[in-house]
>>> print(open('target02.txt').read())   # compact mmCIF, C-alpha atoms
# COMPACT_ATOMS: atom_id res chain seq x y z
CA GLU A 1 -48.83 165.14 114.01
CA ASP A 2 -48.73 164.81 117.77
CA ILE A 3 -51.28 166.94 119.56
CA GLN A 4 -49.84 168.89 122.47
CA LEU A 5 -52.15 170.15 125.14
CA SER A 6 -51.32 173.54 126.55
CA GLY A 7 -52.29 174.69 130.02
CA LYS A 8 -54.21 172.87 132.72
CA SER A 9 -57.88 172.13 133.18
CA ASN A 10 -59.42 173.95 136.13
CA PHE A 11 -62.79 172.95 137.52
CA THR A 12 -64.37 175.74 139.56
CA ILE A 13 -66.77 173.30 141.19
CA VAL A 14 -63.85 171.56 142.91
CA ASP A 15 -62.82 173.32 146.11
CA ASN A 16 -61.91 172.32 149.66
CA HIS A 17 -65.54 171.87 150.64
CA THR A 18 -66.66 169.75 147.67
CA ALA A 19 -63.42 167.76 147.62
CA ILE A 20 -64.03 166.49 151.17
CA GLY A 21 -67.78 166.34 151.20
CA SER A 22 -68.69 165.02 147.76
CA ILE A 23 -65.74 164.08 145.56
CA LEU A 24 -63.95 161.97 148.16
CA ALA A 25 -67.17 160.15 149.05
CA LEU A 26 -67.83 159.49 145.37
CA LEU A 27 -64.27 158.21 144.91
CA CYS A 28 -64.66 155.76 147.80
CA HIS A 29 -67.95 154.57 146.35
CA HIS A 30 -66.39 153.83 142.95
CA LEU A 31 -63.42 152.10 144.57
CA ASP A 32 -65.82 149.91 146.52
CA LEU A 33 -67.68 149.00 143.31
CA TYR A 34 -64.37 148.21 141.60
CA LEU A 35 -63.44 145.89 144.46
CA THR A 36 -66.84 144.21 144.34
CA ASP A 37 -66.34 143.48 140.62
CA SER A 38 -62.96 141.97 141.39
CA THR A 39 -64.53 139.72 144.03
CA VAL A 40 -67.15 138.50 141.56
CA ILE A 41 -64.47 137.76 138.95
CA LEU A 42 -62.42 135.78 141.46
CA LYS A 43 -65.40 133.67 142.51
CA THR A 44 -66.38 132.80 138.94
CA GLU A 45 -63.24 130.68 138.47
CA PRO A 46 -62.57 128.71 141.65
CA LEU A 47 -59.35 126.71 141.62
CA THR A 48 -59.43 123.17 143.02
CA SER A 49 -56.91 120.36 143.02
CA SER A 50 -58.35 118.23 140.23
CA GLU A 51 -57.33 117.10 136.75
CA ASN A 52 -59.69 119.61 135.15
CA SER A 53 -58.07 122.41 137.12
CA ILE A 54 -54.61 121.31 136.06
CA ALA A 55 -55.71 121.18 132.44
CA SER A 56 -57.16 124.68 132.65
CA SER A 57 -54.26 126.14 134.59
CA SER A 58 -53.41 128.51 131.74
CA GLN A 59 -56.86 130.05 131.99
CA SER A 60 -56.46 130.36 135.76
CA GLU A 61 -53.11 132.03 135.25
CA ARG A 62 -54.62 134.58 132.87
CA LEU A 63 -57.39 135.27 135.36
CA CYS A 64 -54.95 135.77 138.22
CA CYS A 65 -52.73 138.01 136.07
CA SER A 66 -55.70 140.15 135.12
CA LEU A 67 -56.78 140.52 138.73
CA CYS A 68 -53.27 141.42 139.82
CA ASP A 69 -53.06 144.13 137.16
CA ARG A 70 -56.40 145.55 138.34
CA MET A 71 -55.28 145.52 141.97
CA VAL A 72 -52.01 147.31 141.14
CA GLN A 73 -54.06 150.22 139.81
CA LEU A 74 -56.10 150.24 143.01
CA VAL A 75 -52.98 150.17 145.17
CA ILE A 76 -51.74 153.31 143.41
CA SER A 77 -55.08 155.02 144.06
CA PHE A 78 -55.14 154.00 147.72
CA HIS A 79 -51.53 155.11 148.09
CA GLU A 80 -52.62 158.66 147.40
CA LEU A 81 -55.81 158.32 149.43
CA VAL A 82 -54.19 157.21 152.70
CA GLN A 83 -51.78 160.16 152.52
CA THR A 84 -54.71 162.59 152.63
CA ALA A 85 -55.34 164.37 155.94
CA ILE A 86 -59.07 163.65 156.06
CA PRO A 87 -60.83 165.68 158.79
CA PRO A 88 -62.93 163.91 161.45
CA GLY A 89 -66.12 162.54 159.99
CA PRO A 90 -67.76 159.47 158.47
CA LEU A 91 -65.35 159.48 155.51
CA ASN A 92 -62.56 158.12 157.71
CA GLU A 93 -64.64 155.07 158.54
CA THR A 94 -65.56 154.69 154.86
CA VAL A 95 -61.90 154.73 153.81
CA ILE A 96 -61.02 152.16 156.48
CA LYS A 97 -63.81 149.84 155.36
CA VAL A 98 -62.76 150.08 151.71
CA LEU A 99 -59.15 149.39 152.69
CA THR A 100 -60.31 146.34 154.66
CA LYS A 101 -62.14 145.10 151.58
CA LEU A 102 -59.02 145.68 149.48
CA TYR A 103 -56.83 143.56 151.76
CA THR A 104 -59.52 140.87 151.99
CA ILE A 105 -59.56 140.54 148.20
CA MET A 106 -55.77 140.54 148.01
CA THR A 107 -55.75 137.75 150.59
CA ASP A 108 -58.10 135.77 148.34
CA ILE A 109 -55.82 136.41 145.37
CA ALA A 110 -52.85 135.23 147.44
CA LYS A 111 -54.74 132.05 148.32
CA TYR A 112 -55.51 131.62 144.62
CA GLN A 113 -51.81 131.98 143.81
CA LEU A 114 -50.95 129.49 146.54
CA SER A 115 -53.41 126.94 145.10
CA LEU A 116 -52.04 127.57 141.63
CA TYR A 117 -48.51 126.96 142.85
CA ASN A 118 -49.59 123.71 144.50
CA LEU A 119 -50.94 122.56 141.12
CA VAL A 120 -48.34 123.68 138.59
CA SER A 121 -45.55 125.28 140.69
CA VAL A 122 -45.88 128.68 139.04
CA ILE A 123 -45.38 132.09 140.63
CA LEU A 124 -46.85 134.80 138.44
CA PRO A 125 -44.67 137.90 137.95
CA GLN A 126 -47.83 140.05 138.09
CA PHE A 127 -48.54 138.68 141.58
CA LYS A 128 -45.00 139.46 142.72
CA LYS A 129 -45.37 142.98 141.33
CA LEU A 130 -48.65 143.45 143.19
CA ILE A 131 -47.22 142.34 146.52
CA ASP A 132 -44.12 144.49 146.09
CA ASN A 133 -46.29 147.54 145.47
CA VAL A 134 -48.49 146.77 148.48
CA GLY A 135 -45.54 146.45 150.83
CA LYS A 136 -43.66 149.42 149.43
CA TYR A 137 -46.40 151.98 148.81
CA LEU A 138 -49.40 151.05 150.94
CA SER A 139 -48.89 149.12 154.16
CA GLN A 140 -46.63 151.61 155.94
CA GLN A 141 -48.78 154.54 154.84
CA ILE A 142 -51.85 152.80 156.26
CA TYR A 143 -50.26 152.62 159.70
CA THR A 144 -49.50 156.34 159.49
CA PHE A 145 -53.10 156.97 158.43
CA ILE A 146 -54.35 154.97 161.43
CA MET A 147 -52.16 156.99 163.80
CA HIS A 148 -53.55 160.18 162.23
CA ILE A 149 -57.13 159.07 162.93
CA GLN A 150 -56.38 157.91 166.48
CA GLY A 151 -54.56 161.17 167.22
CA MET A 152 -57.46 163.43 166.27
CA PRO A 153 -59.46 163.16 169.53
CA GLN A 154 -56.48 164.13 171.66
CA GLU A 155 -55.79 167.20 169.54
CA GLN A 156 -59.39 168.29 169.82
CA THR A 157 -59.76 167.67 173.55
CA ASN A 158 -56.38 169.09 174.51
CA SER A 159 -57.24 172.35 172.78
CA LYS A 160 -60.17 172.82 175.13
CA LYS A 161 -59.00 173.27 178.70
CA GLY A 162 -61.14 174.06 181.68
CA LYS A 163 -62.59 172.72 184.87
CA GLY A 164 -64.40 169.43 184.80
CA LYS A 165 -64.55 166.99 181.94
CA SER A 166 -63.83 168.42 178.49
CA HIS A 167 -66.19 166.74 176.06
CA HIS A 168 -65.76 167.61 172.42
CA PRO A 169 -68.45 166.63 169.88
CA LEU A 170 -65.78 165.20 167.56
CA THR A 171 -64.31 162.89 170.21
CA SER A 172 -67.18 160.41 170.29
CA ARG A 173 -67.38 160.49 166.49
CA VAL A 174 -63.71 159.63 166.05
CA ARG A 175 -63.97 156.89 168.68
CA LYS A 176 -66.79 155.38 166.63
CA GLU A 177 -64.65 155.54 163.51
CA THR A 178 -61.73 153.77 165.20
CA LYS A 179 -63.88 150.68 165.81
CA SER A 180 -63.21 149.64 162.20
CA ILE A 181 -59.43 149.78 162.67
CA PRO A 182 -59.03 146.28 164.25
CA ASN A 183 -60.77 144.71 161.23
CA LEU A 184 -58.35 146.48 158.89
CA ILE A 185 -55.31 145.37 160.88
CA TYR A 186 -56.64 141.81 160.99
CA SER A 187 -57.12 141.70 157.20
CA MET A 188 -53.59 143.05 156.69
CA GLU A 189 -52.14 140.37 158.95
CA GLN A 190 -54.12 137.64 157.17
CA LEU A 191 -52.49 138.67 153.89
CA GLU A 192 -49.07 138.50 155.50
CA ILE A 193 -49.79 135.00 156.82
CA ILE A 194 -50.59 133.72 153.31
CA LEU A 195 -47.53 135.46 151.88
CA ILE A 196 -45.32 133.73 154.43
CA LYS A 197 -46.77 130.38 153.37
CA ILE A 198 -46.12 131.13 149.70
CA SER A 199 -42.58 132.29 150.54
CA LYS A 200 -41.79 129.03 152.34
CA LYS A 201 -43.08 126.88 149.48
CA SER A 202 -41.66 128.84 146.57
CA ARG A 203 -38.50 130.02 148.35
CA ILE A 204 -39.23 133.53 147.08
CA ASN A 205 -39.29 136.22 149.73
CA PHE A 206 -42.58 138.06 149.35
CA MET A 207 -42.09 139.89 152.64
CA ASP A 208 -38.98 141.82 151.65
CA THR A 209 -40.95 145.03 151.04
CA PHE A 210 -43.03 144.62 154.20
CA LYS A 211 -41.79 146.14 157.41
CA ARG A 212 -43.28 145.07 160.69
CA SER A 213 -44.73 148.09 162.41
CA VAL A 214 -45.48 148.71 166.08
CA ALA A 215 -48.60 150.63 165.06
CA ARG A 216 -51.23 148.20 166.26
CA ASP A 217 -54.63 148.79 167.81
CA PHE A 218 -53.38 147.68 171.23
CA ARG A 219 -50.40 150.02 171.37
CA ILE A 220 -50.16 152.58 174.18
CA GLN A 221 -50.82 156.10 172.96
CA ASP A 222 -48.63 158.44 175.01
CA GLN A 223 -50.61 161.60 174.26
CA ALA A 224 -53.95 159.98 175.01
CA LEU A 225 -52.66 158.44 178.24
CA GLU A 226 -51.15 161.73 179.39
CA ALA A 227 -54.37 163.63 178.63
CA ILE A 228 -56.48 161.10 180.56
CA LEU A 229 -54.12 161.12 183.55
CA ASN A 230 -54.07 164.93 183.66
CA GLU A 231 -57.85 165.04 183.47
CA GLN A 232 -58.13 162.48 186.24
CA GLU A 233 -55.74 164.45 188.45
CA ASP A 234 -57.83 167.61 187.95
CA GLU A 235 -60.99 165.72 188.91
CA ASP A 236 -59.29 164.26 192.01
CA GLU A 237 -58.14 167.71 193.08
CA GLU A 238 -61.65 169.09 192.67
CA GLU A 239 -63.11 166.22 194.70
CA ASP A 240 -60.52 166.79 197.45
CA ASP A 241 -61.37 170.49 197.54
CA GLU A 242 -65.08 169.70 197.80
CA LEU A 243 -64.46 167.22 200.59
CA LYS A 244 -62.37 169.75 202.47
CA ASP A 245 -65.07 172.39 202.12
CA GLU A 246 -67.74 169.97 203.30
CA GLY A 247 -65.55 168.83 206.14
CA ASN A 248 -64.92 172.37 207.34
CA GLY A 249 -68.61 173.18 207.20
CA ASP A 250 -70.13 170.03 208.71
CA SER A 251 -67.61 168.74 211.25
CA SER A 252 -67.08 172.02 213.09
CA PRO A 253 -70.51 172.06 214.82
CA VAL A 254 -70.14 168.39 215.75
CA ARG A 255 -66.74 168.97 217.28
CA LYS A 256 -68.13 171.97 219.14
CA LYS A 257 -70.92 169.88 220.70
CA LEU A 258 -68.46 167.15 221.62
CA LYS A 259 -66.29 169.71 223.34
CA GLU A 260 -69.27 171.05 225.29
CA THR A 261 -70.24 167.57 226.49
CA GLY A 262 -66.65 166.80 227.41
CA ASN A 263 -66.37 163.86 225.00
CA ILE A 264 -63.46 165.41 223.13
>>> encode(input="target02.txt", output="structure tokens")
Amino acid sequence: EDIQLSGKSNFTIVDNHTAIGSILALLCHHLDLYLTDSTVILKTEPLTSSENSIASSSQSERLCCSLCDRMVQLVISFHELVQTAIPPGPLNETVIKVLTKLYTIMTDIAKYQLSLYNLVSVILPQFKKLIDNVGKYLSQQIYTFIMHIQGMPQEQTNSKKGKGKSHHPLTSRVRKETKSIPNLIYSMEQLEIILIKISKKSRINFMDTFKRSVARDFRIQDQALEAILNEQEDEDEEEDDELKDEGNGDSSPVRKKLKETGNI
């Protein structure tokens, strides 16, 4: 007989505080270990253009298929992770670093597939499935996740208005976290470069699920620019007011003496 489970399992230890502080950190740690294992597996079977490599191409194909299946599972996990509104903190930087490691390994797998195609002219369906999932479910969500992280300082600083500079303790922290973003974007673009090479050789479009996004590290952030300009205008107005006050207080006696001596 089939066993049917009734109801849902509720864990009282899981709440908003533990989910962000402990469970998410533990998840990122396990994902990082999983990626490290995949890197070790890929390095144990290097593929070179030799007769021995051609003879053992079937073994290389099985290895690449296995890695692609493992990475598909990771892509599904990261798809859910990058859609999470993680609050400002070190976890954002951790997620970005793990994503960078993911794309670095996928770039290595793509290079492995390219070498395999140069040897035996084979494109593995598991590799095509992996790339389709990356382009469809991960890349665009990562750009949205990056915009979410880069938008957090403006939301925090804009909420605090007053005279002078408005420093928020979270602003410097988020700026520190965004330093890892260029490395992530670079690793994503390296994967796309290898996919373009494979597409040209195999005449199979691996970029059909990828959409070029304007979300790059060098893009102009309208909200950030407007906040900085408004803050600078307030500082300029305060400096002008101070100069006017100093001018009214200091120049009047000088002008009075000049008038008395007949020099003005």
>>> residues_around(input="target02.txt", residues="segment 56-65 of chain A", least_positions_apart="3", cutoff="8 Å", atoms="only C-alpha atoms", output="MDAnalysis selection string")
chainID A and resid 42 45 47 52:53 68:69 109 112:113 116 120 124 126:127
>>> residues_around(input="target02.txt", residues="His148 of chain A", least_positions_apart="5", cutoff="9 Å", atoms="only C-alpha atoms", output="PyMOL selection string")
chain A and resi 85-86+143
>>> residues_around(input="target02.txt", residues="Asn92 of chain A", least_positions_apart="4", cutoff="8 Å", atoms="only C-alpha atoms", output="PyMOL selection string")
chain A and resi 86-88+96+149+177
>>> atom_distance(input="target02.txt", atom1="atom CA of Leu74 of chain A", atom2="atom CA of Ser139 of chain A")
13.3 Å
>>> atom_distance(input="target02.txt", atom1="atom CA of Ser199 of chain A", atom2="atom CA of Gly135 of chain A")
14.5 Å
>>> residues_near_point(input="target02.txt", point="(-65.2, 143.7, 140.1)", cutoff="12 Å", atoms="only C-alpha atoms", output="NGL selection string")
:A and (30-44 or 66-67 or 70-71 or 74 or 101-102 or 105)
>>> closest_residue(input="target02.txt", among="A:His29, A:Lys136, A:His79, A:Lys128", to="Leu91 of chain A", atoms="only C-alpha atoms")
A:His29
>>> closest_residue(input="target02.txt", among="A:Gln140, A:Ser121, A:Gln150, A:Ser115", to="Met188 of chain A", atoms="only C-alpha atoms")
A:Gln140
>>> residues_around(input="target02.txt", residues="Cys28 of chain A", least_positions_apart="3", cutoff="8 Å", atoms="only C-alpha atoms", output="ChimeraX atom specification")
/A:24-25,31-32,94-95,98
>>> residues_around(input="target02.txt", residues="Glu80 of chain A", least_positions_apart="3", cutoff="10 Å", atoms="all atoms listed in the file", output="MDAnalysis selection string")
chainID A and resid 75:77 83:84 137:138 141
>>> atom_distance(input="target02.txt", atom1="atom CA of Val82 of chain A", atom2="atom CA of Ile196 of chain A")
25.2 Å
>>> closest_residue(input="target02.txt", among="A:Ile123, A:Met147, A:Leu81, A:Ile204", to="Leu99 of chain A", atoms="only C-alpha atoms")
A:Leu81
>>> closest_residue(input="target02.txt", among="A:Ile198, A:Met207, A:Ile142, A:Val134", to="Ile185 of chain A", atoms="only C-alpha atoms")
A:Ile142
>>> closest_residue(input="target02.txt", among="A:Leu114, A:Met106, A:Ile181, A:Leu26", to="Lys200 of chain A", atoms="all atoms listed in the file")
A:Leu114
